[in-house]
file coords_17.tsv (TSV, C-alpha atoms and all ligand atoms)
chain	number	residue	atom	x	y	z
A	18	MET	CA	159.23	162.98	-21.39
A	19	ASP	CA	156.65	160.19	-21.46
A	20	LEU	CA	154.62	159.15	-18.44
A	21	ALA	CA	156.81	156.17	-17.57
A	22	ASP	CA	159.91	158.43	-17.52
A	23	LYS	CA	158.09	160.99	-15.39
A	24	ILE	CA	157.20	158.26	-12.88
A	25	LEU	CA	160.80	157.03	-12.76
A	26	LYS	CA	162.08	160.58	-12.21
A	27	LEU	CA	159.57	161.25	-9.46
A	28	LYS	CA	160.31	157.89	-7.85
A	29	LYS	CA	164.00	158.82	-7.63
A	30	GLU	CA	163.33	162.30	-6.23
A	31	LYS	CA	160.97	160.95	-3.58
A	32	LYS	CA	163.13	157.91	-2.74
A	33	ALA	CA	160.14	155.70	-3.43
A	34	ILE	CA	160.12	152.05	-4.35
A	35	ILE	CA	157.53	150.53	-6.68
A	36	LEU	CA	156.38	146.98	-5.97
A	37	ALA	CA	154.10	145.24	-8.47
A	38	HIS	CA	152.20	141.98	-8.31
A	39	ASN	CA	152.61	139.42	-11.10
A	40	TYR	CA	149.06	140.28	-12.31
A	41	GLN	CA	149.72	143.96	-12.94
A	42	ARG	CA	149.51	145.49	-16.42
A	43	SER	CA	152.75	144.93	-18.35
A	44	GLU	CA	153.59	148.67	-18.44
A	45	ILE	CA	153.42	148.75	-14.62
A	46	GLN	CA	155.55	145.61	-14.29
A	47	GLU	CA	158.12	147.14	-16.63
A	48	LEU	CA	158.84	150.12	-14.41
A	49	ALA	CA	158.51	148.41	-11.04
A	50	ASP	CA	161.57	147.84	-8.87
A	51	TYR	CA	160.30	144.42	-8.05
A	52	VAL	CA	157.60	142.12	-9.46
A	53	GLY	CA	156.48	139.11	-7.44
A	54	ASP	CA	153.83	137.05	-5.66
A	55	SER	CA	152.17	138.14	-2.45
A	56	ILE	CA	154.75	136.73	-0.02
A	57	GLU	CA	157.71	138.05	-2.01
A	58	LEU	CA	156.19	141.52	-2.13
A	59	SER	CA	155.58	141.50	1.64
A	60	ARG	CA	159.20	140.47	2.20
A	61	LYS	CA	160.43	143.23	-0.12
A	62	ALA	CA	158.30	145.77	1.73
A	63	ILE	CA	160.06	144.81	4.98
A	64	GLU	CA	163.56	144.74	3.47
A	65	GLU	CA	163.37	148.14	1.77
A	66	ILE	CA	164.53	150.10	4.79
A	67	ASP	CA	166.09	152.94	2.77
A	68	ALA	CA	162.98	153.77	0.76
A	69	GLU	CA	160.91	156.66	2.07
A	70	MET	CA	157.69	155.34	0.62
A	71	ILE	CA	156.36	152.22	-1.02
A	72	VAL	CA	154.02	152.41	-4.00
A	73	PHE	CA	152.18	149.12	-3.97
A	74	CYS	CA	150.78	148.25	-7.40
A	75	ALA	CA	148.36	145.47	-6.49
A	76	VAL	CA	145.11	145.18	-4.53
A	77	ASP	CA	144.06	146.38	-1.07
A	78	PHE	CA	145.08	143.45	1.14
A	79	MET	CA	148.63	143.36	-0.24
A	80	ALA	CA	149.17	147.08	0.42
A	81	GLU	CA	147.55	146.70	3.84
A	82	SER	CA	150.03	143.95	4.73
A	83	ALA	CA	152.91	146.23	3.72
A	84	ALA	CA	151.48	148.99	5.94
A	85	ILE	CA	151.04	146.57	8.86
A	86	LEU	CA	154.60	145.30	8.51
A	87	ASN	CA	156.08	148.81	8.08
A	88	PRO	CA	154.06	151.02	10.40
A	89	LYS	CA	156.45	153.96	9.98
A	90	LYS	CA	156.56	153.90	6.19
A	91	LYS	CA	154.15	155.63	3.81
A	92	VAL	CA	152.44	152.97	1.68
A	93	LEU	CA	150.51	154.15	-1.38
A	94	LEU	CA	147.91	152.16	-3.32
A	95	PRO	CA	147.58	153.98	-6.68
A	96	CYS	CA	143.87	153.14	-6.90
A	97	LEU	CA	142.02	152.78	-3.60
A	98	GLY	CA	139.18	150.98	-5.40
A	99	ALA	CA	141.48	148.04	-6.24
A	100	ARG	CA	139.91	145.59	-3.82
A	101	CYS	CA	140.13	141.80	-3.93
A	102	PRO	CA	136.55	140.46	-3.93
A	103	MET	CA	137.64	137.24	-2.25
A	104	ALA	CA	139.07	139.21	0.68
A	105	GLN	CA	135.67	140.90	1.10
A	106	MET	CA	133.95	137.52	1.48
A	107	LEU	CA	135.07	136.98	5.07
A	108	THR	CA	133.90	139.05	8.03
A	109	VAL	CA	135.08	139.26	11.63
A	110	ASP	CA	131.63	138.09	12.78
A	111	GLU	CA	131.95	134.96	10.68
A	112	ILE	CA	135.30	134.18	12.31
A	113	HIS	CA	133.78	134.64	15.77
A	114	ARG	CA	130.88	132.34	14.90
A	115	ALA	CA	133.25	129.65	13.60
A	116	LYS	CA	135.44	129.93	16.70
A	117	ALA	CA	132.39	129.46	18.92
A	118	LYS	CA	131.32	126.39	16.93
A	119	TYR	CA	134.78	124.78	16.92
A	120	PRO	CA	136.39	125.87	20.19
A	121	GLY	CA	140.12	125.25	20.28
A	122	ALA	CA	140.53	124.86	16.51
A	123	PRO	CA	143.27	127.18	15.22
A	124	VAL	CA	142.29	129.80	12.63
A	125	VAL	CA	144.51	130.11	9.54
A	126	LEU	CA	143.77	132.92	7.11
A	127	TYR	CA	144.97	133.37	3.57
A	128	VAL	CA	146.59	136.80	3.22
A	129	ASN	CA	143.72	137.63	0.84
A	130	THR	CA	141.74	138.97	3.81
A	131	LEU	CA	141.05	142.33	5.41
A	132	ALA	CA	143.41	143.48	8.19
A	133	SER	CA	140.53	143.31	10.70
A	134	CYS	CA	140.20	139.57	9.96
A	135	LYS	CA	143.96	138.95	10.12
A	136	ALA	CA	143.82	140.44	13.61
A	137	GLU	CA	141.46	137.62	14.65
A	138	CYS	CA	143.47	134.64	13.36
A	139	ASP	CA	146.34	132.56	14.74
A	140	ILE	CA	148.53	132.62	11.65
A	141	CYS	CA	148.38	133.80	8.01
A	142	CYS	CA	149.52	131.99	4.88
A	143	THR	CA	149.92	132.62	1.16
A	144	SER	CA	149.55	130.17	-1.69
A	145	ALA	CA	153.36	129.78	-1.64
A	146	ASN	CA	153.60	128.54	1.97
A	147	VAL	CA	150.12	127.25	2.83
A	148	VAL	CA	151.15	123.57	3.07
A	149	GLU	CA	154.06	124.35	5.40
A	150	VAL	CA	151.89	126.64	7.57
A	151	ILE	CA	149.19	123.97	7.97
A	152	ASP	CA	151.83	121.29	8.66
A	153	SER	CA	153.40	123.51	11.34
A	154	LEU	CA	150.25	123.32	13.48
A	155	ASP	CA	149.64	120.52	16.01
A	156	SER	CA	145.90	120.41	15.39
A	157	ASP	CA	144.30	118.16	12.76
A	158	THR	CA	141.16	120.29	12.57
A	159	ILE	CA	141.71	123.82	11.36
A	160	LEU	CA	139.42	126.74	10.51
A	161	PHE	CA	140.58	128.14	7.18
A	162	GLY	CA	139.40	131.09	5.09
A	163	PRO	CA	138.37	132.62	2.85
A	164	ASP	CA	139.24	130.45	-0.18
A	165	LYS	CA	137.40	127.12	-0.21
A	166	ASN	CA	139.47	125.80	-3.12
A	167	LEU	CA	142.74	126.56	-1.38
A	168	ALA	CA	141.36	124.83	1.75
A	169	GLU	CA	140.48	121.75	-0.31
A	170	TYR	CA	143.90	121.71	-1.99
A	171	VAL	CA	145.79	121.87	1.34
A	172	SER	CA	143.54	119.30	2.88
A	173	GLU	CA	144.45	116.89	0.04
A	174	LYS	CA	148.17	117.67	0.53
A	175	THR	CA	148.30	117.43	4.33
A	176	GLY	CA	145.50	114.99	5.20
A	177	LYS	CA	144.17	117.50	7.75
A	178	LYS	CA	140.54	118.56	8.10
A	179	LEU	CA	140.10	122.17	7.02
A	180	ILE	CA	136.78	123.79	7.83
A	181	PRO	CA	136.16	126.61	5.34
A	182	ILE	CA	135.11	130.04	6.61
A	183	PRO	CA	132.93	131.32	5.00
A	184	GLU	CA	131.38	128.15	3.61
A	185	ASN	CA	132.06	129.08	-0.01
A	186	GLY	CA	134.73	131.79	-0.44
A	187	PHE	CA	136.28	131.93	-3.90
A	188	CYS	CA	138.21	133.97	-6.44
A	189	PRO	CA	135.88	134.98	-9.30
A	190	THR	CA	138.80	135.14	-11.75
A	191	HIS	CA	140.22	131.69	-11.02
A	192	LEU	CA	136.79	130.08	-11.19
A	193	LEU	CA	136.59	131.05	-14.87
A	194	PHE	CA	139.02	128.27	-15.77
A	195	GLN	CA	137.46	125.04	-17.06
A	196	PRO	CA	139.19	121.70	-17.76
A	197	GLU	CA	137.42	121.59	-21.17
A	198	ASP	CA	139.42	124.64	-22.30
A	199	VAL	CA	142.63	122.97	-21.13
A	200	LYS	CA	141.72	119.86	-23.13
A	201	VAL	CA	141.38	121.88	-26.33
A	202	LEU	CA	144.76	123.54	-25.77
A	203	LYS	CA	146.37	120.19	-25.00
A	204	MET	CA	145.09	118.85	-28.34
A	205	GLN	CA	146.88	121.72	-30.06
A	206	HIS	CA	150.04	121.52	-27.91
A	207	GLN	CA	150.32	117.91	-26.85
A	208	ASP	CA	153.51	118.16	-24.82
A	209	ALA	CA	152.48	121.28	-22.96
A	210	ASN	CA	152.82	121.42	-19.17
A	211	VAL	CA	149.70	122.67	-17.40
A	212	MET	CA	150.34	125.06	-14.49
A	213	VAL	CA	147.45	126.16	-12.25
A	214	HIS	CA	147.01	128.35	-9.20
A	215	PRO	CA	145.57	126.56	-6.12
A	216	GLU	CA	142.64	129.03	-6.18
A	217	CYS	CA	141.33	127.07	-9.19
A	218	SER	CA	138.64	124.39	-8.88
A	219	ARG	CA	139.42	120.77	-8.03
A	220	GLU	CA	138.65	119.80	-11.65
A	221	MET	CA	141.35	122.23	-12.82
A	222	ARG	CA	143.82	121.00	-10.24
A	223	GLN	CA	143.23	117.45	-11.49
A	224	VAL	CA	144.44	118.32	-14.99
A	225	ALA	CA	147.52	120.20	-13.73
A	226	ASP	CA	151.17	119.15	-13.98
A	227	PHE	CA	152.07	121.85	-11.50
A	228	ILE	CA	150.08	123.69	-8.80
A	229	GLY	CA	151.56	126.71	-7.05
A	230	SER	CA	151.70	130.43	-6.35
A	231	THR	CA	152.33	132.83	-9.22
A	232	SER	CA	156.07	133.09	-8.57
A	233	LYS	CA	156.38	129.34	-8.08
A	234	MET	CA	154.83	128.96	-11.55
A	235	CYS	CA	157.52	131.29	-12.92
A	236	ARG	CA	160.20	129.12	-11.32
A	237	PHE	CA	158.61	125.92	-12.62
A	238	ALA	CA	158.44	127.30	-16.18
A	239	LYS	CA	162.15	128.23	-16.04
A	240	GLU	CA	163.24	124.85	-14.73
A	241	SER	CA	160.94	122.65	-16.84
A	242	ARG	CA	162.25	121.12	-20.06
A	243	ALA	CA	158.84	121.66	-21.69
A	244	GLN	CA	158.58	124.20	-24.50
A	245	ASP	CA	154.85	124.86	-24.18
A	246	PHE	CA	152.80	125.78	-21.13
A	247	VAL	CA	149.10	126.13	-20.49
A	248	VAL	CA	148.65	128.74	-17.75
A	249	GLY	CA	145.78	128.59	-15.25
A	250	THR	CA	146.08	131.93	-13.53
A	251	GLU	CA	145.47	135.64	-14.21
A	252	GLU	CA	146.71	136.89	-17.58
A	253	GLY	CA	149.18	139.47	-16.17
A	254	ILE	CA	151.63	136.71	-15.37
A	255	LEU	CA	152.19	136.06	-19.08
A	256	ASN	CA	154.29	139.23	-19.29
A	257	ARG	CA	156.81	137.86	-16.80
A	258	LEU	CA	156.70	134.28	-18.10
A	259	ARG	CA	157.40	135.41	-21.68
A	260	LYS	CA	160.10	137.86	-20.64
A	261	GLU	CA	161.95	135.29	-18.54
A	262	ASN	CA	161.56	132.48	-21.09
A	263	PRO	CA	161.77	134.03	-24.57
A	264	SER	CA	162.13	130.67	-26.32
A	265	LYS	CA	159.09	129.06	-24.65
A	266	ASN	CA	155.39	129.39	-25.45
A	267	PHE	CA	152.68	130.27	-22.95
A	268	TYR	CA	148.94	129.87	-23.56
A	269	LEU	CA	146.39	131.24	-21.14
A	270	ALA	CA	143.92	128.45	-20.28
A	271	TYR	CA	141.05	130.95	-20.64
A	272	GLU	CA	141.49	134.23	-22.49
A	273	GLY	CA	139.05	136.09	-20.24
A	274	ALA	CA	140.91	135.33	-17.00
A	275	ILE	CA	141.47	138.92	-15.97
A	276	CYS	CA	141.26	140.27	-12.43
A	277	PRO	CA	139.58	143.66	-13.00
A	278	ASN	CA	140.83	144.97	-9.68
A	279	MET	CA	144.46	144.23	-10.46
A	280	LYS	CA	144.03	146.13	-13.73
A	281	LEU	CA	142.79	149.30	-12.00
A	282	THR	CA	146.39	150.38	-11.53
A	283	THR	CA	147.28	152.41	-14.59
A	284	LEU	CA	150.30	154.59	-15.34
A	285	ASP	CA	148.10	157.70	-14.88
A	286	ARG	CA	146.94	156.59	-11.44
A	287	LEU	CA	150.42	155.55	-10.41
A	288	TYR	CA	151.79	158.96	-11.45
A	289	ALA	CA	149.03	160.90	-9.66
A	290	SER	CA	149.37	158.87	-6.49
A	291	LEU	CA	153.15	159.30	-6.36
A	292	LYS	CA	153.06	163.00	-7.29
A	293	GLU	CA	150.44	163.97	-4.72
A	294	GLU	CA	151.42	161.23	-2.25
A	295	LYS	CA	147.75	160.32	-2.15
A	296	ASN	CA	145.89	157.09	-1.41
A	297	VAL	CA	147.95	156.35	1.68
A	298	VAL	CA	147.00	152.96	3.14
A	299	LYS	CA	146.48	153.18	6.87
A	300	VAL	CA	145.60	150.42	9.30
A	301	PRO	CA	144.62	151.48	12.84
A	302	GLU	CA	147.37	150.40	15.24
A	303	SER	CA	144.90	148.50	17.46
A	304	ILE	CA	144.21	146.18	14.48
A	305	ALA	CA	147.70	146.32	12.95
A	306	LYS	CA	149.31	145.17	16.20
A	307	LYS	CA	147.36	141.90	16.21
A	308	ALA	CA	147.49	141.36	12.44
A	309	ARG	CA	151.29	141.82	12.55
A	310	VAL	CA	151.59	138.89	14.96
A	311	SER	CA	149.66	136.64	12.51
A	312	LEU	CA	151.85	137.74	9.59
A	313	GLU	CA	155.08	137.42	11.56
A	314	ARG	CA	154.18	133.89	12.66
A	315	MET	CA	153.80	133.04	8.96
A	316	PHE	CA	157.27	134.43	8.19
A	317	ASN	CA	158.71	132.22	10.93
A	318	VAL	CA	157.48	129.04	9.26
A	319	LYS	CA	160.21	127.56	7.03
A	320	SER	CA	159.05	127.10	3.43
B	401	LIG	P1	150.05	134.78	-5.31
B	401	LIG	O1	150.44	134.95	-3.88
B	401	LIG	O2	150.24	133.41	-5.84
B	401	LIG	O3	150.73	135.79	-6.16
B	401	LIG	O4	148.47	134.99	-5.44
B	401	LIG	C1	147.80	136.14	-5.06
B	401	LIG	C2	146.48	136.19	-5.63
B	401	LIG	O5	145.73	137.10	-5.40
B	401	LIG	C3	146.05	135.09	-6.47
B	401	LIG	O6	144.84	135.37	-7.04
B	402	LIG	FE1	141.61	138.51	-5.52
B	402	LIG	FE2	141.28	136.66	-7.40
B	402	LIG	FE3	142.09	139.09	-8.07
B	402	LIG	FE4	143.71	137.42	-6.76
B	402	LIG	S1	142.92	137.20	-8.84
B	402	LIG	S2	143.40	139.58	-6.32
B	402	LIG	S3	142.24	136.40	-5.41
B	402	LIG	S4	140.12	138.53	-7.18
call {"tool": "encode", "arguments": {"input": "coords_17.tsv", "output": "structure tokens"}}
result
Amino acid sequence: MDLADKILKLKKEKKAIILAHNYQRSEIQELADYVGDSIELSRKAIEEIDAEMIVFCAVDFMAESAAILNPKKKVLLPCLGARCPMAQMLTVDEIHRAKAKYPGAPVVLYVNTLASCKAECDICCTSANVVEVIDSLDSDTILFGPDKNLAEYVSEKTGKKLIPIPENGFCPTHLLFQPEDVKVLKMQHQDANVMVHPECSREMRQVADFIGSTSKMCRFAKESRAQDFVVGTEEGILNRLRKENPSKNFYLAYEGAICPNMKLTTLDRLYASLKEEKNVVKVPESIAKKARVSLERMFNVKS
């Protein structure tokens, strides 16, 4: 029996469900019960009431959200070192300082944050619902963190003033994309549609035909009449794009766009974590209680 079969057997015996982010290695995506973007995975984690445990193949903040939303369920992160560097860029102290400087301004945090920070905000958002979340607030001045690019993008879309906390939070993987690389690909594939994630720079967003979350990109690629696509997000998504659209062509806008943390989940680590039920993600209830409110408010916004 190969490792993938062993994992599937164990998963059945333990009544576990495997959720995988769109950036996971293809072999992980292939055996997952569900592959999606961060909001879809959070929703799945809530819906899966029959599962006895959730194996979350992604990075820390996504598994933490699942644990916050399902306090009674065991949530495993196959590699505890899989941490999103952008989420580490914001601290609770920084939020307190910003609140003191802009009293009364609501605080909106991208889900790519630590649970302790989510506990300090008014509402969370993902890249799939950020515009709707910002529009749902009465205020025109909003504290937003930790991604400065996402803040800029939403500000352009909504006309509201978003004050970034910290001043310059970013995703190291998405900042690797350069419009010059897109230009070269467009010379080779003139009719290609360019899809980029809103974590990319303004210059990248300016050359895009479509800007959206990873799953929204998958939907766009399916619905578009284009045959060729230049993709401005992490390389793992190519697996899903190619599988769902076998007759279309996808070109990564920069070959080195790999999130090393997302790739820490391997079949070996997934097997070990499931077998020994190790790497359980726990969020202290004092923090989880407040962070849950911020996440639930996000789910209540129509998008
Ligand atoms: P999505 O919610 O679009 O999947 O993005 C998560 C992420 O970490 C992007 O880098
Ligand atoms: Fe974090 Fe960027 Fe990796 Fe997404 S791609 S998990 S934002 S480092």
call {"tool": "closest_atom_pairs", "arguments": {"input": "coords_17.tsv", "of": "chain A", "to": "ligand LIG 402 (chain B)", "cutoff": "10 Å", "atoms": "all atoms listed in the file", "output": "JSON lines"}}
result
{"residue": "A:His38", "atom": "CA", "partner": "B:LIG402", "partner_atom": "S2", "distance": 9.3}
{"residue": "A:Tyr40", "atom": "CA", "partner": "B:LIG402", "partner_atom": "S1", "distance": 7.7}
{"residue": "A:Ser55", "atom": "CA", "partner": "B:LIG402", "partner_atom": "FE4", "distance": 9.5}
{"residue": "A:Ala75", "atom": "CA", "partner": "B:LIG402", "partner_atom": "S2", "distance": 7.7}
{"residue": "A:Val76", "atom": "CA", "partner": "B:LIG402", "partner_atom": "S2", "distance": 6.1}
{"residue": "A:Asp77", "atom": "CA", "partner": "B:LIG402", "partner_atom": "S2", "distance": 8.6}
{"residue": "A:Phe78", "atom": "CA", "partner": "B:LIG402", "partner_atom": "S2", "distance": 8.6}
{"residue": "A:Met79", "atom": "CA", "partner": "B:LIG402", "partner_atom": "S2", "distance": 8.9}
{"residue": "A:Ala99", "atom": "CA", "partner": "B:LIG402", "partner_atom": "S2", "distance": 8.7}
{"residue": "A:Arg100", "atom": "CA", "partner": "B:LIG402", "partner_atom": "S2", "distance": 7.4}
{"residue": "A:Cys101", "atom": "CA", "partner": "B:LIG402", "partner_atom": "FE1", "distance": 3.9}
{"residue": "A:Pro102", "atom": "CA", "partner": "B:LIG402", "partner_atom": "S4", "distance": 5.2}
{"residue": "A:Met103", "atom": "CA", "partner": "B:LIG402", "partner_atom": "FE1", "distance": 5.3}
{"residue": "A:Ala104", "atom": "CA", "partner": "B:LIG402", "partner_atom": "FE1", "distance": 6.7}
{"residue": "A:Gln105", "atom": "CA", "partner": "B:LIG402", "partner_atom": "FE1", "distance": 9.2}
{"residue": "A:Tyr127", "atom": "CA", "partner": "B:LIG402", "partner_atom": "S3", "distance": 9.9}
{"residue": "A:Val128", "atom": "CA", "partner": "B:LIG402", "partner_atom": "S3", "distance": 9.7}
{"residue": "A:Asn129", "atom": "CA", "partner": "B:LIG402", "partner_atom": "S3", "distance": 6.5}
{"residue": "A:Thr130", "atom": "CA", "partner": "B:LIG402", "partner_atom": "FE1", "distance": 9.3}
{"residue": "A:Pro163", "atom": "CA", "partner": "B:LIG402", "partner_atom": "S3", "distance": 9.9}
{"residue": "A:Asp164", "atom": "CA", "partner": "B:LIG402", "partner_atom": "S3", "distance": 8.5}
{"residue": "A:Phe187", "atom": "CA", "partner": "B:LIG402", "partner_atom": "S3", "distance": 7.6}
{"residue": "A:Cys188", "atom": "CA", "partner": "B:LIG402", "partner_atom": "FE2", "distance": 4.2}
{"residue": "A:Pro189", "atom": "CA", "partner": "B:LIG402", "partner_atom": "S4", "distance": 5.9}
{"residue": "A:Thr190", "atom": "CA", "partner": "B:LIG402", "partner_atom": "FE2", "distance": 5.2}
{"residue": "A:His191", "atom": "CA", "partner": "B:LIG402", "partner_atom": "FE2", "distance": 6.2}
{"residue": "A:Leu192", "atom": "CA", "partner": "B:LIG402", "partner_atom": "FE2", "distance": 8.8}
{"residue": "A:His214", "atom": "CA", "partner": "B:LIG402", "partner_atom": "S1", "distance": 9.8}
{"residue": "A:Glu216", "atom": "CA", "partner": "B:LIG402", "partner_atom": "S3", "distance": 7.4}
{"residue": "A:Cys217", "atom": "CA", "partner": "B:LIG402", "partner_atom": "FE2", "distance": 9.8}
{"residue": "A:Thr250", "atom": "CA", "partner": "B:LIG402", "partner_atom": "S1", "distance": 7.7}
{"residue": "A:Glu251", "atom": "CA", "partner": "B:LIG402", "partner_atom": "S1", "distance": 6.1}
{"residue": "A:Glu252", "atom": "CA", "partner": "B:LIG402", "partner_atom": "S1", "distance": 9.5}
{"residue": "A:Gly253", "atom": "CA", "partner": "B:LIG402", "partner_atom": "S1", "distance": 9.9}
{"residue": "A:Ala274", "atom": "CA", "partner": "B:LIG402", "partner_atom": "S1", "distance": 8.6}
{"residue": "A:Ile275", "atom": "CA", "partner": "B:LIG402", "partner_atom": "S1", "distance": 7.5}
{"residue": "A:Cys276", "atom": "CA", "partner": "B:LIG402", "partner_atom": "FE3", "distance": 4.6}
{"residue": "A:Pro277", "atom": "CA", "partner": "B:LIG402", "partner_atom": "FE3", "distance": 7.2}
{"residue": "A:Asn278", "atom": "CA", "partner": "B:LIG402", "partner_atom": "FE3", "distance": 6.2}
{"residue": "A:Met279", "atom": "CA", "partner": "B:LIG402", "partner_atom": "FE3", "distance": 6.1}
{"residue": "A:Lys280", "atom": "CA", "partner": "B:LIG402", "partner_atom": "FE3", "distance": 9.2}
call {"tool": "residues_around", "arguments": {"input": "coords_17.tsv", "residues": "A:Ala289", "least_positions_apart": "2", "cutoff": "12 Å", "atoms": "all atoms listed in the file", "output": "ChimeraX atom specification"}}
result
/A:20,23-24,27-28,72,93-96,282-287,291-296
call {"tool": "closest_atom_pairs", "arguments": {"input": "coords_17.tsv", "of": "chain A", "to": "ligand LIG 401 (chain B)", "cutoff": "6 Å", "atoms": "only C-alpha atoms and all ligand atoms", "output": "JSON lines"}}
result
{"residue": "A:Asp54", "atom": "CA", "partner": "B:LIG401", "partner_atom": "O3", "distance": 3.4}
{"residue": "A:Ser55", "atom": "CA", "partner": "B:LIG401", "partner_atom": "O1", "distance": 3.9}
{"residue": "A:Thr143", "atom": "CA", "partner": "B:LIG401", "partner_atom": "O1", "distance": 5.6}
{"residue": "A:Ser144", "atom": "CA", "partner": "B:LIG401", "partner_atom": "O2", "distance": 5.3}
{"residue": "A:Ser230", "atom": "CA", "partner": "B:LIG401", "partner_atom": "O2", "distance": 3.4}
{"residue": "A:Thr231", "atom": "CA", "partner": "B:LIG401", "partner_atom": "O2", "distance": 4.0}
call {"tool": "residues_around", "arguments": {"input": "coords_17.tsv", "residues": "stretch 195-198 of chain A", "least_positions_apart": "4", "cutoff": "8 Å", "atoms": "all atoms listed in the file", "output": "PyMOL selection string"}}
result
chain A and resi 202+220-221+224+270-271
call {"tool": "residues_around", "arguments": {"input": "coords_17.tsv", "residues": "A:Glu184", "least_positions_apart": "5", "cutoff": "10 Å", "atoms": "all atoms listed in the file", "output": "JSON, numbers by chain"}}
result
{"A": [106, 107, 111, 161, 162, 163, 164, 165]}
call {"tool": "write_last_selection", "arguments": {"input": "coords_17.tsv", "atoms": "C-alpha atoms", "output": "PDB file, in the frame of the given file"}}
result
ATOM      1  CA  MET A 106     133.950 137.520   1.480  1.00  0.00           C
ATOM      2  CA  LEU A 107     135.070 136.980   5.070  1.00  0.00           C
ATOM      3  CA  GLU A 111     131.950 134.960  10.680  1.00  0.00           C
ATOM      4  CA  PHE A 161     140.580 128.140   7.180  1.00  0.00           C
ATOM      5  CA  GLY A 162     139.400 131.090   5.090  1.00  0.00           C
ATOM      6  CA  PRO A 163     138.370 132.620   2.850  1.00  0.00           C
ATOM      7  CA  ASP A 164     139.240 130.450  -0.180  1.00  0.00           C
ATOM      8  CA  LYS A 165     137.400 127.120  -0.210  1.00  0.00           C
TER       9      LYS A 165
END
call {"tool": "atom_distance", "arguments": {"input": "coords_17.tsv", "atom1": "atom CA of A:Ile180", "atom2": "atom CA of A:Gln223"}}
result
21.3 Å
call {"tool": "closest_residue", "arguments": {"input": "coords_17.tsv", "among": "A:Ile34, A:Leu255, A:Ala122, A:Ala308", "to": "A:Cys141", "atoms": "all atoms listed in the file"}}
result
A:Ala308
call {"tool": "residues_near_point", "arguments": {"input": "coords_17.tsv", "point": "(132.7, 129.4, 14.0)", "cutoff": "10 Å", "atoms": "only C-alpha atoms", "output": "PDB file with C-alpha atoms, in the coordinates of the input"}}
result
ATOM      1  CA  ASP A 110     131.630 138.090  12.780  1.00  0.00           C
ATOM      2  CA  GLU A 111     131.950 134.960  10.680  1.00  0.00           C
ATOM      3  CA  ILE A 112     135.300 134.180  12.310  1.00  0.00           C
ATOM      4  CA  HIS A 113     133.780 134.640  15.770  1.00  0.00           C
ATOM      5  CA  ARG A 114     130.880 132.340  14.900  1.00  0.00           C
ATOM      6  CA  ALA A 115     133.250 129.650  13.600  1.00  0.00           C
ATOM      7  CA  LYS A 116     135.440 129.930  16.700  1.00  0.00           C
ATOM      8  CA  ALA A 117     132.390 129.460  18.920  1.00  0.00           C
ATOM      9  CA  LYS A 118     131.320 126.390  16.930  1.00  0.00           C
ATOM     10  CA  TYR A 119     134.780 124.780  16.920  1.00  0.00           C
ATOM     11  CA  PRO A 120     136.390 125.870  20.190  1.00  0.00           C
ATOM     12  CA  ALA A 122     140.530 124.860  16.510  1.00  0.00           C
ATOM     13  CA  VAL A 124     142.290 129.800  12.630  1.00  0.00           C
ATOM     14  CA  LEU A 160     139.420 126.740  10.510  1.00  0.00           C
ATOM     15  CA  ILE A 180     136.780 123.790   7.830  1.00  0.00           C
ATOM     16  CA  PRO A 181     136.160 126.610   5.340  1.00  0.00           C
ATOM     17  CA  ILE A 182     135.110 130.040   6.610  1.00  0.00           C
ATOM     18  CA  PRO A 183     132.930 131.320   5.000  1.00  0.00           C
TER      19      PRO A 183
END
call {"tool": "residues_around", "arguments": {"input": "coords_17.tsv", "residues": "A:Ile228", "least_positions_apart": "3", "cutoff": "7 Å", "atoms": "all atoms listed in the file", "output": "list in words"}}
result
Met212, Val213, His214, Pro215, Arg222 and Ala225 of chain A
call {"tool": "residues_around", "arguments": {"input": "coords_17.tsv", "residues": "A:Tyr170", "least_positions_apart": "4", "cutoff": "8 Å", "atoms": "all atoms listed in the file", "output": "PyMOL selection string"}}
result
chain A and resi 166+174+215+219
call {"tool": "atom_distance", "arguments": {"input": "coords_17.tsv", "atom1": "atom CA of A:Asp157", "atom2": "atom CA of A:Glu173"}}
result
12.8 Å
call {"tool": "atom_distance", "arguments": {"input": "coords_17.tsv", "atom1": "atom CA of A:Pro263", "atom2": "atom CA of A:Phe227"}}
result
20.3 Å
call {"tool": "closest_residue", "arguments": {"input": "coords_17.tsv", "among": "A:Glu64, A:Asp208, A:Glu261, A:Asp19", "to": "A:Met234", "atoms": "only C-alpha atoms"}}
result
A:Glu261
